[in-house]
Amino acid sequence: MALLEWKQAFSVGNASVDHEHKQMIEQINQLYELLGQPTTAVTIEAVLGDIHAYISAHFALEERLMRTAGYAEYENHKDDHEDLLDQIHELMFSFSENPDIGRKLLENKLSDWFGRHFASFDARLHRELG
Amino acid sequence: MLGLIQKTGRLVFKWPHKWLDEVFGNSLNPLRHLGSLTIFFLWLVLVSGIWITIFFHTSVDGAYESVEYLSNDQWYLGGVMRSLHRYASDAAIVTLVLHLLKEFVFNRYRSARWFSWMTGVPLLWLIIPLGITGYWLVWDQLALYVALISSEMLDALPIFTDSMARNFLSVESLSNRFFTLMAFTHIIGLPIFLVFGIWLHVFRITRPIINPPRTIMAGALLSMLLLSLVYPALSQGKADPAAVPESLALDWYYLLVYPLMKTWPAGAVWLLLIAISLLLCLAPWLPPGRKPAVARIDLENCNGCERCVEDCPFGALEMAPRSDGQKYAAEAIVLTNLCLSCGICVGSCPTATPFRTRSVLSPGIDLPDQSVAMIRELVTDAAQGLKGKQRLLIFGCDSSTKLYDVNDAATAVIKLTCMAQLPPSFIDYILSRELADGVVLAGCANGDCQYRLGTQWTQQRIDRERDPRLRKRVDIEKLALLWTEPWSDFLNPGAAVTAFRNTLVAAKEPSVAPKGHKVLLRPVGVALAWSLFAFAAGVFTLWPPFSQLETGNAIISLTFSHASQRVKQCRRLSQKELNELPPNMRKPSDCPRERYPIKVSFRADNVLMYDQTLLPSGFWKDGESTVYNRIELAAGSHELFIGMSDSGRTEGFDFSNRTSVTLAQGQHLVVEFDHQQKTFVFK
C-alpha cells in the first residue's frame, strides 16, 4: 500500500503546484516501497537526495507564488517548508547511520508532516490561490 | 601591462583602505561607498544650490553683489550654503574620480559591465561644465578668467563665426540676458541631463546602491559643514575686464585644463580632452577580453521559481513563458550579453545540491566552465588527499584571497569565481560526510564584492535569511567565513591559512570589532579621516594659485572683426551675355562674393609681436575675418603700432594707427577697430 495518496482536496488551485505535489508523493511512495525491499543505506540516501532537491525546487516555486500573491501567512508556511527540508536532511543522516530504522521513520516523520501540511497550510493556500 | 597598472593601483588603494577599515569597520568604510557618496554630495549641492538661487541676481551688475550679500550679510546661512555648494561639488569630483579609479584597478569595468562604465563618462562631461558655469555665475575675477578661457575654447570649435571671447573684454558688451542664459544652463539645463545620466548609469544593474549608509552621510555632511565654517568660500573681487589680477585661486578640480590654454593652442587642449574621453570609453575593450561561457538553463530541472532572477546582480536573467510544454507557467532565460558568468544564480538554484547522487547533478541553471558537478568532483578529489586532524576545505573566490599555493596536507583550496556560486548544501555535504573537519569560505569583503552581491547573498544564506538556506543541522562552529580585502593576495598565504585554522579551532567567526584601546581611538580616527577628506576637497580649490601673467607684465588684446574688400568688383553684364542666360536668371550684374584675407601686424617698440593673415569666414569666403589674440608685454612705456590691409595688397597697410602708452602692471589694453571711423582704437 502506498504511504501517501494525493486527493483532490489537496489541490491548491494552481496546475504547476498540484503537478509537483503529485510527483513528490509518487517519489516518497517509491522510497517507501524501496525500504520494504533489501537495500543499502547509500541507495536510500541517494533517493532522499533526489527527493530533497525536488522538494526544495517545489517549495521555491510555491513560495514564489505565495509572495507574488501577497499571501498573508507566507512566513508561517515558509517556516513549515524549511522544517520539512531540515527533517529530510536529518532522515538522510539517520538512514546512513542505521538503515534498519527504515519504514518506521518514514511513516512517523514524513507522512506526519505531509498530512499536517496539506491539511492545514496548503488548504489555506488554496483559498488564496484558487 | 594592463595587469601591472591595475596591480600597482591596488597597492596604492591598499593602505588607505586598510586604515579606514580599522577605523570605520569593513562595511562602513567610505571607500566602499564611493559611487553612492558622489550622489550624496550632489544632493548637498542641490539643496544648497536652491538656497543660493533664491538670492541670486541674474544680471551683470547684480550677480556679484548678490553673491557677496550671501557671503557677508548672511554668512551664517547663505554663506554656509554657498561654501557647502562649492565644497560639496569639489568633494563629488574627489569621490567620483576615486570611484572611477577603484572600478578600474579592481577590473570591474570590462565584459558585460561596459555599459555602466561607459555611461559614467558623459557624467564627467556634465559635472565639469556644471562646475565651470557655476564659477562663471559668481562674476568675480575668477569668473572673468573662466569666461575668457571657456570662450576661447569654444571659439576654437567651428560653431560660431564670430568670436565669443570678445564679449568678455569689456563690460558694455555683456547683457543681463547672458546671465539668464548661464543661470538656466547651470541650474536647469545641465542638471536635467545629469539626473538622466545617473539613472542611465545605474538602471541596468539590479539593486543599485543610491544612498550610502547613514553614518557615512552624517560624516560627509559634517565634514563639509566644518570646512564651510572654517574656510568659507569667497569671491575674488568683482570682474573687471580692464585689469588682470596677478594671481588667481583656481579650483583645480574643475579647471585643471584651463591653465594649459596659456601655452597650448585651443585645438591641442580639445584633442587632449577628446583623447582622454575616447580612451575612457574604449577602456572596456582595451584589450578585448575573452568572455567566459555564460550561465545555461536546463529546463528539465527548472520549474520557474525565479530565485536566480532575484539573485542576479546584473539583471542578466529574466522570466519568460514556458517553452518546453512542461506543466509550468514560466522559465528563466539568460540574457547572454549581460551575463558575467559569476555563478551567483547557480548558488541560488534549489536543485543545485551535491546530495543528488542518483540523478545526474544538473541544476536548473549552471556554468558550463565550472558546473556544480565539477565542483562536487573537485571536493571529492580534494577530500581524498586531506590528512591530519583539522582537515580544512577552503573555498576561495577568484577575486579575493588567492590561496592556491597553499601546500599543506591538511588543507585544500577550491577556487570559485564567486563565493555565492557555492550552493550552501555543499557545506552540509562536506561536513555530514566528513570529507573535511572544517569549511572556510574566503570571499571579498562586504561592499567590495567583485560581483556586487555575492558576499551579501552568501552571508544571508548562511545566516538562514535568504534562500537557499543552510540547513539547521550544520554545525556552524565548523564553518568560518573570511571576508577578506581584494589585496589579500599581497599577504603571506601561509600565515593566512594558519589564522583560518586557529579561528576554526576557536570555533568563532573572525571578529571585526576592534578591541581595547582601539575602541577609544575609533571616533578619533573617524573624525581625523573626515577632516582629512575635507582638507583634500578644500585645498585644491585655492592652491596652488595660478598666475595668468608673469609678474610685472600687462596684457594687450587684439580683438576685432572686419569684412575685407571683395576680390572682384561687380560687373554689369552686356545684353549679349544676358540673352545667353535662361530668362529667369537674367541678373543685370555679376557680383562674386569672395573677400580678400586680411593681414594684421602689431608692433611694440618696433618689435613684431603679431603678424597673421586671416581668412574670411563662411563657406563662400564672404564673411568677416576675426582677430583675437592676447599679447603679454612688460609694464612701462611702449610705442605701439597696429596695421591692417584688407585689399589683398602685399606692401603697406590700408589702415594703421600708432600710439604711446604707459602700461601699469596687470593692465589690460584692448585694441579694436572702429568701423564707423575706419580707424584703430586703443582702450
# chains A, B, ... in the order shown; residues from 1 in each chain; ligands from 1
>>> interface_residues(of="chain A", to="chain B", cutoff="6 Å", atoms="only C-alpha atoms", output="list in words")
Ser16, Ala46, Gly49, Asp50, Ala53, Ser56, Ala57, Ala60, Leu61 and Asp86 of chain A
>>> residues_around(residues="Gln8 of chain A", least_positions_apart="2", cutoff="12 Å", atoms="only C-alpha atoms", output="count of residues only")
14
>>> atom_distance(atom1="atom CA of Asn14 of chain A", atom2="atom CA of Ile51 of chain A")
21.1 Å
>>> atom_distance(atom1="atom CA of Ser601 of chain B", atom2="atom CA of Gln565 of chain B")
17.9 Å
>>> residues_around(residues="Met261 of chain B", least_positions_apart="5", cutoff="8 Å", atoms="only C-alpha atoms", output="PyMOL selection string")
chain B and resi 149+266+269
>>> atom_distance(atom1="atom CA of Leu250 of chain B", atom2="atom CA of Phe540 of chain B")
7.8 Å
>>> residues_around(residues="Tyr71 of chain A", least_positions_apart="2", cutoff="12 Å", atoms="only C-alpha atoms", output="ChimeraX atom specification")
/A:62-69,73-78,121-122,124-129
>>> closest_residue(among="A:His81, A:Lys7, A:Arg116, A:Lys109", to="Ser94 of chain A", atoms="only C-alpha atoms")
A:Lys109
>>> closest_residue(among="A:Leu4, A:Phe95, A:Gln27, A:Val17", to="Trp113 of chain A", atoms="only C-alpha atoms")
A:Leu4
>>> select_by_dssp(residues="chain A", states="helix (DSSP H, G or I)", output="JSON, numbers by chain")
{"A": [8, 9, 10, 15, 16, 17, 18, 19, 20, 21, 22, 23, 24, 25, 26, 27, 28, 29, 30, 31, 32, 33, 34, 35, 36, 41, 42, 43, 44, 45, 46, 47, 48, 49, 50, 51, 52, 53, 54, 55, 56, 57, 58, 59, 60, 61, 62, 63, 64, 65, 66, 67, 68, 69, 74, 75, 76, 77, 78, 79, 80, 81, 82, 83, 84, 85, 86, 87, 88, 89, 90, 91, 92, 93, 94, 95, 96, 97, 99, 100, 101, 102, 103, 104, 105, 106, 107, 108, 109, 110, 111, 112, 113, 114, 115, 116, 117, 118, 119, 120, 121, 122, 123, 124, 125, 126, 127, 128, 129]}
